[in-house]
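Participant: structure.txt is reproduced in full below (compact mmCIF, C-alpha atoms).
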# COMPACT_ATOMS: atom_id res chain seq x y z
CA MET A 1 148.31 91.03 129.87
CA SER A 2 148.03 94.76 129.10
CA SER A 3 144.64 96.40 129.49
CA ARG A 4 145.53 99.16 127.05
CA PRO A 5 143.68 97.64 124.03
CA SER A 6 140.56 97.34 126.15
CA ARG A 7 140.76 100.99 127.24
CA GLU A 8 141.31 102.11 123.65
CA SER A 9 138.31 100.09 122.56
CA VAL A 10 136.11 101.69 125.22
CA VAL A 11 137.29 105.17 124.24
CA SER A 12 136.69 104.46 120.55
CA TRP A 13 133.18 103.15 121.14
CA THR A 14 132.39 106.08 123.45
CA ILE A 15 133.46 108.61 120.82
CA LEU A 16 131.54 106.75 118.11
CA ALA A 17 128.38 106.49 120.22
CA ALA A 18 128.52 110.20 121.09
CA LEU A 19 128.91 111.16 117.42
CA VAL A 20 126.04 108.92 116.31
CA ALA A 21 123.71 110.06 119.10
CA GLY A 22 124.49 113.73 118.57
CA ILE A 23 124.11 113.67 114.79
CA SER A 24 120.95 111.54 114.95
CA THR A 25 119.37 113.95 117.42
CA VAL A 26 120.15 116.99 115.29
CA LEU A 27 118.87 115.32 112.11
CA GLY A 28 115.72 114.22 113.92
CA LEU A 29 115.05 117.76 115.14
CA LEU A 30 115.52 119.00 111.55
CA GLY A 31 112.98 116.46 110.30
CA PHE A 32 115.53 114.56 108.22
CA PRO A 33 114.27 111.23 106.79
CA SER A 34 115.54 108.13 108.63
CA ALA A 35 117.54 110.31 110.99
CA VAL A 36 118.93 107.36 112.94
CA LEU A 37 120.20 105.57 109.83
CA PHE A 38 121.86 108.70 108.53
CA GLY A 39 123.10 109.49 112.03
CA GLY A 40 124.83 106.12 112.07
CA LEU A 41 126.26 106.74 108.61
CA ALA A 42 127.44 110.29 109.32
CA GLY A 43 128.70 109.35 112.79
CA GLY A 44 130.66 106.41 111.43
CA LEU A 45 132.05 108.57 108.63
CA ALA A 46 133.08 111.36 111.02
CA PHE A 47 134.68 108.86 113.40
CA SER A 48 136.57 107.08 110.62
CA LEU A 49 137.91 110.23 108.97
CA SER A 50 138.66 112.36 112.02
CA THR A 51 140.05 110.01 114.66
CA GLY A 52 142.14 107.48 112.76
CA ARG A 53 140.78 104.88 115.17
CA THR A 54 139.05 101.63 114.25
CA VAL A 55 136.22 99.74 115.91
CA ASP A 56 135.34 96.11 115.44
CA VAL A 57 131.64 95.88 114.61
CA PRO A 58 130.67 92.17 114.72
CA SER A 59 129.42 90.83 111.39
CA TRP A 60 126.43 89.20 113.10
CA SER A 61 125.16 92.63 114.14
CA PHE A 62 124.80 93.63 110.49
CA THR A 63 122.93 90.38 109.76
CA ILE A 64 120.47 91.20 112.56
CA ALA A 65 120.13 94.76 111.27
CA GLN A 66 119.31 93.47 107.79
CA ALA A 67 116.70 91.14 109.27
CA ILE A 68 115.12 94.02 111.20
CA ILE A 69 114.69 95.93 107.92
CA GLY A 70 113.02 92.85 106.41
CA VAL A 71 110.69 92.53 109.40
CA THR A 72 109.80 96.24 109.28
CA VAL A 73 108.79 95.93 105.61
CA GLY A 74 106.92 92.68 106.19
CA ALA A 75 104.99 94.12 109.13
CA ALA A 76 103.63 96.85 106.84
CA VAL A 77 102.01 94.28 104.52
CA ASP A 78 98.25 94.18 105.08
CA PHE A 79 96.49 91.72 102.79
CA GLN A 80 93.10 93.32 103.36
CA THR A 81 94.49 96.66 102.18
CA LEU A 82 95.96 95.00 99.11
CA ALA A 83 92.70 93.16 98.44
CA ASP A 84 90.82 96.47 98.52
CA LEU A 85 92.46 97.40 95.20
CA GLY A 86 89.96 95.09 93.49
CA SER A 87 89.87 95.65 89.74
CA ASP A 88 92.66 98.27 89.97
CA TRP A 89 95.33 95.59 90.45
CA PRO A 90 96.47 95.30 86.80
CA ALA A 91 96.93 99.06 86.40
CA VAL A 92 98.81 99.33 89.69
CA ILE A 93 101.14 96.42 88.89
CA VAL A 94 101.93 97.63 85.37
CA ILE A 95 102.63 101.21 86.45
CA SER A 96 104.73 100.04 89.40
CA VAL A 97 106.87 97.82 87.16
CA VAL A 98 107.28 100.49 84.48
CA THR A 99 108.23 103.05 87.14
CA LEU A 100 110.92 100.76 88.53
CA VAL A 101 112.30 99.97 85.08
CA LEU A 102 112.41 103.65 84.13
CA SER A 103 114.19 104.59 87.37
CA VAL A 104 116.82 101.90 86.81
CA VAL A 105 117.37 103.07 83.22
CA ALA A 106 117.64 106.72 84.30
CA GLY A 107 120.10 105.71 86.97
CA GLN A 108 122.57 104.48 84.36
CA LEU A 109 123.55 108.14 83.95
CA LEU A 110 125.51 107.65 87.16
CA ARG A 111 127.85 105.37 85.21
CA LEU A 112 129.27 108.49 83.58
CA HIS A 113 131.31 108.70 86.77
CA ARG A 114 134.35 106.44 86.96
CA GLY A 115 134.00 103.35 89.10
CA VAL A 116 130.20 103.23 89.25
CA SER A 117 129.08 99.74 88.23
CA PRO A 118 125.71 98.94 86.60
CA VAL A 119 124.54 97.31 89.84
CA THR A 120 125.47 100.34 91.94
CA ALA A 121 123.82 102.75 89.47
CA SER A 122 120.65 100.65 89.43
CA PHE A 123 120.31 100.21 93.18
CA ALA A 124 121.12 103.85 93.85
CA SER A 125 118.35 105.05 91.56
CA VAL A 126 115.58 102.46 91.90
CA ALA A 127 112.41 104.27 92.97
CA GLY A 128 111.40 103.32 96.49
CA GLY A 129 112.60 101.08 99.29
CA ALA A 130 115.57 103.21 100.37
CA SER A 131 116.16 101.30 103.60
CA GLY A 132 115.76 97.95 101.85
CA MET A 133 118.17 98.90 99.08
CA THR A 134 120.70 100.09 101.64
CA ALA A 135 120.40 96.78 103.49
CA VAL A 136 120.85 94.50 100.46
CA ALA A 137 123.22 96.58 98.29
CA HIS A 138 126.51 95.20 99.63
CA ASP A 139 125.28 91.60 99.54
CA LEU A 140 124.29 91.95 95.88
CA GLY A 141 127.54 93.49 94.68
CA ALA A 142 126.76 97.21 94.80
CA ASP A 143 128.70 99.97 96.55
CA ASP A 144 126.40 100.56 99.49
CA ARG A 145 128.04 103.92 100.25
CA VAL A 146 126.89 105.34 96.92
CA VAL A 147 123.50 103.59 97.17
CA THR A 148 122.79 104.95 100.65
CA VAL A 149 123.71 108.56 99.92
CA ILE A 150 121.79 108.80 96.64
CA GLN A 151 118.75 106.84 97.83
CA TYR A 152 118.30 109.14 100.81
CA LEU A 153 119.10 112.23 98.77
CA ARG A 154 116.07 111.27 96.64
CA VAL A 155 113.92 110.75 99.74
CA LEU A 156 114.96 114.16 101.05
CA VAL A 157 114.10 115.86 97.73
CA VAL A 158 110.72 114.08 97.66
CA LEU A 159 109.90 115.20 101.20
CA LEU A 160 110.91 118.79 100.52
CA ALA A 161 108.88 118.91 97.29
CA MET A 162 105.76 117.20 98.62
CA PRO A 163 104.20 120.10 100.60
CA ALA A 164 104.57 122.45 97.62
CA ALA A 165 103.08 119.91 95.24
CA VAL A 166 100.13 119.19 97.53
CA SER A 167 99.25 122.83 98.14
CA VAL A 168 100.28 124.53 94.88
CA VAL A 169 99.61 121.88 92.23
CA PHE A 170 96.66 120.07 93.79
CA HIS A 171 95.32 122.96 95.93
CA ALA A 172 94.68 120.57 98.81
CA ASP A 173 93.88 121.78 102.31
CA THR A 174 95.93 120.14 105.04
CA GLY A 175 95.47 119.89 108.77
CA THR A 176 98.16 119.94 111.39
CA ALA A 177 99.40 116.37 111.21
CA ALA A 178 103.15 116.27 110.85
CA GLY A 179 103.71 112.56 110.51
CA VAL A 180 102.56 109.08 111.33
CA THR A 181 102.27 108.31 115.03
CA ALA A 182 104.99 105.90 116.09
CA PRO A 183 103.70 102.50 117.24
CA ALA A 184 103.81 101.84 120.95
CA THR A 185 106.13 99.17 122.30
CA SER A 186 104.32 96.05 123.48
CA ALA A 187 105.38 92.61 124.64
CA ALA A 188 103.69 91.10 121.59
CA GLY A 189 105.55 93.52 119.31
CA VAL A 190 108.91 92.59 120.84
CA ALA A 191 108.10 88.85 120.63
CA TYR A 192 106.99 89.24 117.01
CA SER A 193 110.19 91.09 116.10
CA VAL A 194 112.50 88.60 117.83
CA LEU A 195 110.75 85.56 116.33
CA ALA A 196 110.62 87.05 112.84
CA VAL A 197 114.32 87.99 112.93
CA ALA A 198 115.41 84.56 114.23
CA LEU A 199 113.15 82.57 111.90
CA GLY A 200 113.92 84.83 108.98
CA ILE A 201 117.70 84.43 109.23
CA GLY A 202 117.29 80.65 109.55
CA VAL A 203 114.81 80.37 106.68
CA GLY A 204 116.82 82.68 104.43
CA ARG A 205 119.96 80.63 104.88
CA ALA A 206 118.14 77.27 104.57
CA LEU A 207 116.52 78.36 101.29
CA HIS A 208 119.80 79.94 100.06
CA LEU A 209 117.99 83.19 99.35
CA PRO A 210 120.01 86.14 98.01
CA SER A 211 120.47 88.58 100.89
CA PRO A 212 118.99 85.87 103.16
CA ALA A 213 118.55 88.01 106.27
CA VAL A 214 116.40 90.66 104.55
CA LEU A 215 114.26 88.40 102.37
CA GLY A 216 114.03 85.61 104.94
CA ALA A 217 112.86 88.03 107.63
CA LEU A 218 110.43 89.61 105.18
CA LEU A 219 108.81 86.24 104.52
CA ALA A 220 108.86 85.23 108.19
CA SER A 221 107.25 88.48 109.32
CA ILE A 222 104.44 88.14 106.77
CA ALA A 223 103.82 84.54 107.88
CA LEU A 224 103.83 85.45 111.58
CA GLY A 225 101.41 88.30 110.84
CA ALA A 226 98.83 85.64 109.93
CA VAL A 227 99.01 84.25 113.50
CA PRO A 228 96.12 85.70 115.55
CA ALA A 229 98.40 86.67 118.44
CA PHE A 230 100.42 88.89 116.10
CA ALA A 231 97.59 90.14 113.88
CA ASP A 232 97.78 93.81 114.89
CA VAL A 233 101.29 94.22 116.31
CA ASP A 234 103.96 96.64 115.10
CA VAL A 235 107.73 96.50 115.20
CA PRO A 236 108.70 98.69 118.20
CA PRO A 237 110.38 101.99 117.24
CA TRP A 238 113.52 101.19 119.21
CA VAL A 239 113.90 97.87 117.34
CA GLN A 240 113.64 99.70 114.00
CA ALA A 241 116.11 102.32 115.25
CA ALA A 242 118.60 99.62 116.24
CA GLY A 243 118.46 98.14 112.74
CA PHE A 244 118.81 101.51 111.05
CA VAL A 245 121.74 102.68 113.15
CA LEU A 246 123.67 99.42 112.66
CA ILE A 247 123.24 99.59 108.90
CA GLY A 248 124.26 103.24 108.91
CA LEU A 249 127.37 102.41 110.93
CA GLN A 250 128.31 99.53 108.65
CA VAL A 251 128.25 101.88 105.67
CA GLY A 252 129.72 104.96 107.36
CA LEU A 253 132.75 103.27 108.87
CA ARG A 254 133.94 102.19 105.41
CA PHE A 255 134.09 105.71 103.97
CA THR A 256 137.44 107.15 102.98
CA LEU A 257 138.35 110.64 101.81
CA ASP A 258 138.65 109.34 98.24
CA SER A 259 135.22 107.69 98.29
CA LEU A 260 133.68 110.80 99.85
CA ARG A 261 135.13 113.01 97.10
CA ALA A 262 133.94 110.57 94.43
CA ILE A 263 130.38 110.60 95.75
CA GLY A 264 130.45 114.39 96.04
CA ARG A 265 131.28 114.63 92.34
CA MET A 266 128.21 112.49 91.58
CA ILE A 267 125.72 114.78 93.30
CA PRO A 268 124.86 116.97 90.25
CA THR A 269 124.24 113.86 88.12
CA ALA A 270 122.31 112.26 90.98
CA LEU A 271 120.05 115.32 91.26
CA LEU A 272 119.35 115.13 87.52
CA VAL A 273 118.45 111.44 87.85
CA ILE A 274 116.23 112.22 90.84
CA ALA A 275 114.44 114.97 88.91
CA ILE A 276 113.79 112.57 86.03
CA ILE A 277 112.44 109.91 88.40
CA ILE A 278 110.18 112.30 90.33
CA GLY A 279 108.83 113.80 87.09
CA ALA A 280 108.17 110.36 85.60
CA CYS A 281 106.41 109.17 88.77
CA ALA A 282 104.19 112.26 88.72
CA ALA A 283 103.29 111.58 85.08
CA PHE A 284 102.48 107.96 85.87
CA GLY A 285 100.37 109.23 88.77
CA VAL A 286 98.21 111.18 86.31
CA LEU A 287 97.85 108.04 84.18
CA LEU A 288 97.00 105.95 87.25
CA ALA A 289 94.28 108.42 88.23
CA ARG A 290 92.68 108.11 84.81
CA LEU A 291 92.87 104.31 84.80
CA THR A 292 91.50 103.79 88.32
CA GLY A 293 89.24 106.78 88.92
CA VAL A 294 91.02 107.94 92.08
CA SER A 295 91.88 111.61 92.50
CA GLU A 296 95.09 112.92 90.96
CA LEU A 297 96.35 113.81 94.45
CA ASP A 298 95.83 110.23 95.66
CA ALA A 299 97.56 108.89 92.54
CA TYR A 300 100.46 111.33 92.98
CA LEU A 301 100.96 110.25 96.60
CA ALA A 302 100.63 106.58 95.64
CA THR A 303 103.40 106.85 93.04
CA THR A 304 105.74 109.19 94.95
CA PRO A 305 109.22 107.56 94.91
CA GLY A 306 110.04 107.55 98.61
CA GLY A 307 109.09 108.94 102.00
CA LEU A 308 106.45 106.28 102.73
CA TYR A 309 105.41 107.44 106.20
CA ALA A 310 105.31 111.10 105.22
CA VAL A 311 103.23 110.13 102.17
CA LEU A 312 100.71 108.24 104.31
CA ALA A 313 100.52 111.09 106.80
CA THR A 314 99.92 113.59 103.99
CA SER A 315 97.21 111.38 102.50
CA ALA A 316 95.41 111.16 105.84
CA ASP A 317 95.90 114.86 106.48
CA THR A 318 94.30 115.84 103.16
CA GLY A 319 91.37 113.46 103.55
CA GLY A 320 92.64 111.23 100.76
CA ASN A 321 92.20 107.55 100.00
CA VAL A 322 94.80 106.24 102.45
CA THR A 323 93.97 102.60 101.68
CA PHE A 324 94.73 103.05 97.98
CA VAL A 325 97.91 105.04 98.62
CA THR A 326 99.16 102.46 101.15
CA ALA A 327 98.43 99.50 98.87
CA VAL A 328 100.24 100.98 95.86
CA GLN A 329 103.27 102.01 97.92
CA ILE A 330 103.54 98.58 99.58
CA ILE A 331 103.23 96.76 96.25
CA ARG A 332 106.10 98.78 94.78
CA LEU A 333 108.19 98.25 97.93
CA LEU A 334 107.71 94.47 97.71
CA LEU A 335 108.50 94.48 94.00
CA VAL A 336 111.73 96.38 94.69
CA LEU A 337 112.95 93.95 97.33
CA LEU A 338 111.92 90.82 95.43
CA ALA A 339 113.35 92.02 92.11
CA ALA A 340 116.64 93.37 93.50
CA PRO A 341 118.42 89.98 93.75
CA LEU A 342 117.42 89.03 90.19
CA LEU A 343 118.46 92.43 88.86
CA GLY A 344 121.77 92.29 90.73
CA ARG A 345 122.64 88.86 89.38
CA TRP A 346 121.66 89.74 85.81
CA LEU A 347 123.68 92.97 85.79
CA THR A 348 126.69 91.28 87.38
CA ARG A 349 126.72 88.49 84.76
CA ARG A 350 126.21 91.00 81.94
CA SER A 351 129.09 93.21 83.04
CA GLY A 352 131.33 90.38 84.14
Can the structure in the file be given as structure tokens, please?
Facilitator:
Amino acid sequence: MSSRPSRESVVSWTILAALVAGISTVLGLLGFPSAVLFGGLAGGLAFSLSTGRTVDVPSWSFTIAQAIIGVTVGAAVDFQTLADLGSDWPAVIVISVVTLVLSVVAGQLLRLHRGVSPVTASFASVAGGASGMTAVAHDLGADDRVVTVIQYLRVLVVLLAMPAAVSVVFHADTGTAAGVTAPATSAAGVAYSVLAVALGIGVGRALHLPSPAVLGALLASIALGAVPAFADVDVPPWVQAAGFVLIGLQVGLRFTLDSLRAIGRMIPTALLVIAIIIGACAAFGVLLARLTGVSELDAYLATTPGGLYAVLATSADTGGNVTFVTAVQIIRLLLVLLAAPLLGRWLTRRSG
């Protein structure tokens, strides 16, 4: 039996790995959001378009990657932080829901471009949960290539605008913190991640959840977090990176020149949608400040549509109410992931 296919496979994977590692490193040095995810996407895209080769990425690897995203979100849920909202809960919930609805409505402008379905337009524009939307988009009938590019374009715009808003609009003094310190790897963290992924995939499939890996792992990680042994553990950075890079690869390897050109033509419209969403979130931040009594800076950071870890770092760096900002951001993130399957089904039936 010829060994040629095996050698070709090794060469293909070597080229792909080099592209992903190189691009991820450069994006990380430039401070790009979710550098590993976009490194996987850009590396897969570059490999697919430039080499003419194909690689066989096992379908189970994408399922595990989706579950890792679910676990990462679930691990961020802290019930004590959410409980600290107290009487502010109604205002936070209402503003979070209205923000999500407005972002979905604004996103329908993307349908001016041929081939963009209502589901794709909605998931590409929904405010918050970029990694979660990327993970569930394909399962729920959206074009995950469009969703990924536009979701992370919004995150990039948010991150670039945040320092100017904090210093110029709110006149806040900042320290030297550049981001949130990455959690250290521990045996408990690895065990928590493995158990949550395995249980989550099983539970998601048993309950026939939409996008079972993401939502099942989300539920499993929250449940395991109530176990004393896992009370204060974090998902190790390398586990998160593995999930991000696999999702990026899954999306990037399916790009074609035609799809790339089509997405490029959407960028001006996407930037308009992003501007509308960011402006609306800022306005709702002012309203939230008046309803809850927190500072306008805290309310702005709490309602910022993306860049969660940079938002939390900025809040801590400016001496803000980190607990409030964290709680509001997590509530919106959970609403996004829980509402996405219902929204996807409704839009699919309506347009079908």
Participant: Mind listing as a VMD selection string all residues within 9 Å of (99.0, 96.2, 117.2), counting all atoms listed in the file?
Facilitator: chain A and resid 183 to 184 186 188 to 189 230 to 235
Participant: Can you pull out the residues contacting Arg290 of chain A? Cut-off 10 Å, using all atoms listed in the file, and skip same-chain residues under 6 positions away; I want them as a ChimeraX atom specification.
Facilitator: /A:284,296,299
Participant: Tell me, as a VMD selection string, which residues lie within 9 Å of segment 150-155 of chain A, counting all atoms listed in the file; anything in the same chain fewer than 3 positions away does not count.
Facilitator: chain A and resid 33 to 34 38 123 to 131 133 to 134 145 to 147 158 to 160 263 266 to 267 270 to 271 274 to 275 278 305 to 307
Participant: Which protein, DNA or RNA residues are at most 12 Å from (118.7, 111.8, 111.4) in the file's coordinates when you count only C-alpha atoms, listed as an mmCIF file with C-alpha atoms, in the coordinates of the input?
Facilitator:
data_model
loop_
_atom_site.group_PDB
_atom_site.id
_atom_site.type_symbol
_atom_site.label_atom_id
_atom_site.label_comp_id
_atom_site.auth_asym_id
_atom_site.auth_seq_id
_atom_site.Cartn_x
_atom_site.Cartn_y
_atom_site.Cartn_z
ATOM 1 C CA LEU A 19 128.910 111.160 117.420
ATOM 2 C CA VAL A 20 126.040 108.920 116.310
ATOM 3 C CA ALA A 21 123.710 110.060 119.100
ATOM 4 C CA GLY A 22 124.490 113.730 118.570
ATOM 5 C CA ILE A 23 124.110 113.670 114.790
ATOM 6 C CA SER A 24 120.950 111.540 114.950
ATOM 7 C CA THR A 25 119.370 113.950 117.420
ATOM 8 C CA VAL A 26 120.150 116.990 115.290
ATOM 9 C CA LEU A 27 118.870 115.320 112.110
ATOM 10 C CA GLY A 28 115.720 114.220 113.920
ATOM 11 C CA LEU A 29 115.050 117.760 115.140
ATOM 12 C CA LEU A 30 115.520 119.000 111.550
ATOM 13 C CA GLY A 31 112.980 116.460 110.300
ATOM 14 C CA PHE A 32 115.530 114.560 108.220
ATOM 15 C CA PRO A 33 114.270 111.230 106.790
ATOM 16 C CA SER A 34 115.540 108.130 108.630
ATOM 17 C CA ALA A 35 117.540 110.310 110.990
ATOM 18 C CA VAL A 36 118.930 107.360 112.940
ATOM 19 C CA LEU A 37 120.200 105.570 109.830
ATOM 20 C CA PHE A 38 121.860 108.700 108.530
ATOM 21 C CA GLY A 39 123.100 109.490 112.030
ATOM 22 C CA GLY A 40 124.830 106.120 112.070
ATOM 23 C CA LEU A 41 126.260 106.740 108.610
ATOM 24 C CA ALA A 42 127.440 110.290 109.320
ATOM 25 C CA GLY A 43 128.700 109.350 112.790
ATOM 26 C CA TYR A 152 118.300 109.140 100.810
ATOM 27 C CA LEU A 156 114.960 114.160 101.050
ATOM 28 C CA ALA A 241 116.110 102.320 115.250
ATOM 29 C CA PHE A 244 118.810 101.510 111.050
ATOM 30 C CA VAL A 245 121.740 102.680 113.150
ATOM 31 C CA GLY A 248 124.260 103.240 108.910
#
Participant: Identify, on the basis of only C-alpha atoms, every residue whose closest approach to Gly202 of chain A does not exceed 9 Å; exclude the query and any residue fewer than 5 positions from it along the same chain; express the result as a VMD selection string.
Facilitator: chain A and resid 197 207 212 to 213 216 to 217
Participant: Compare A:Ala316, A:Leu301, A:Ile276, A:Leu219 by their minimum atom-to-atom distance to Gly70 of chain A, counting all atoms listed in the file, and give me the closest one.
Facilitator: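 Looking only at the distances to Gly70 of chain A, the closest residue turns out to be A:Leu219.
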Participant: Mind pulling up the distance from atom CA of Leu343 of chain A to atom CA of Ala83 of chain A?
Facilitator: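 Distance reported for this atom pair: 27.5 Å.
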Participant: Grab the atom CA of Ala137 of chain A to atom CA of Arg345 of chain A distance for me, in Å with one decimal place.
Facilitator: 11.8 Å
Participant: Pick the closest to Ala135 of chain A from A:Ser61, A:Ser122, A:Ser221, A:Ser211: which is it, counting all atoms listed in the file?
Facilitator: A:Ser211
Participant: Could you name the residues that touch Tyr300 of chain A at 12 Å or less, counting only C-alpha atoms, but leaving out those on the same chain fewer than 4 positions away, as a PyMOL selection string?
Facilitator: chain A and resi 158+162+165-166+169-170+278-290+294-296+304-306+311-312+314-315+320-321+324-325+328-329
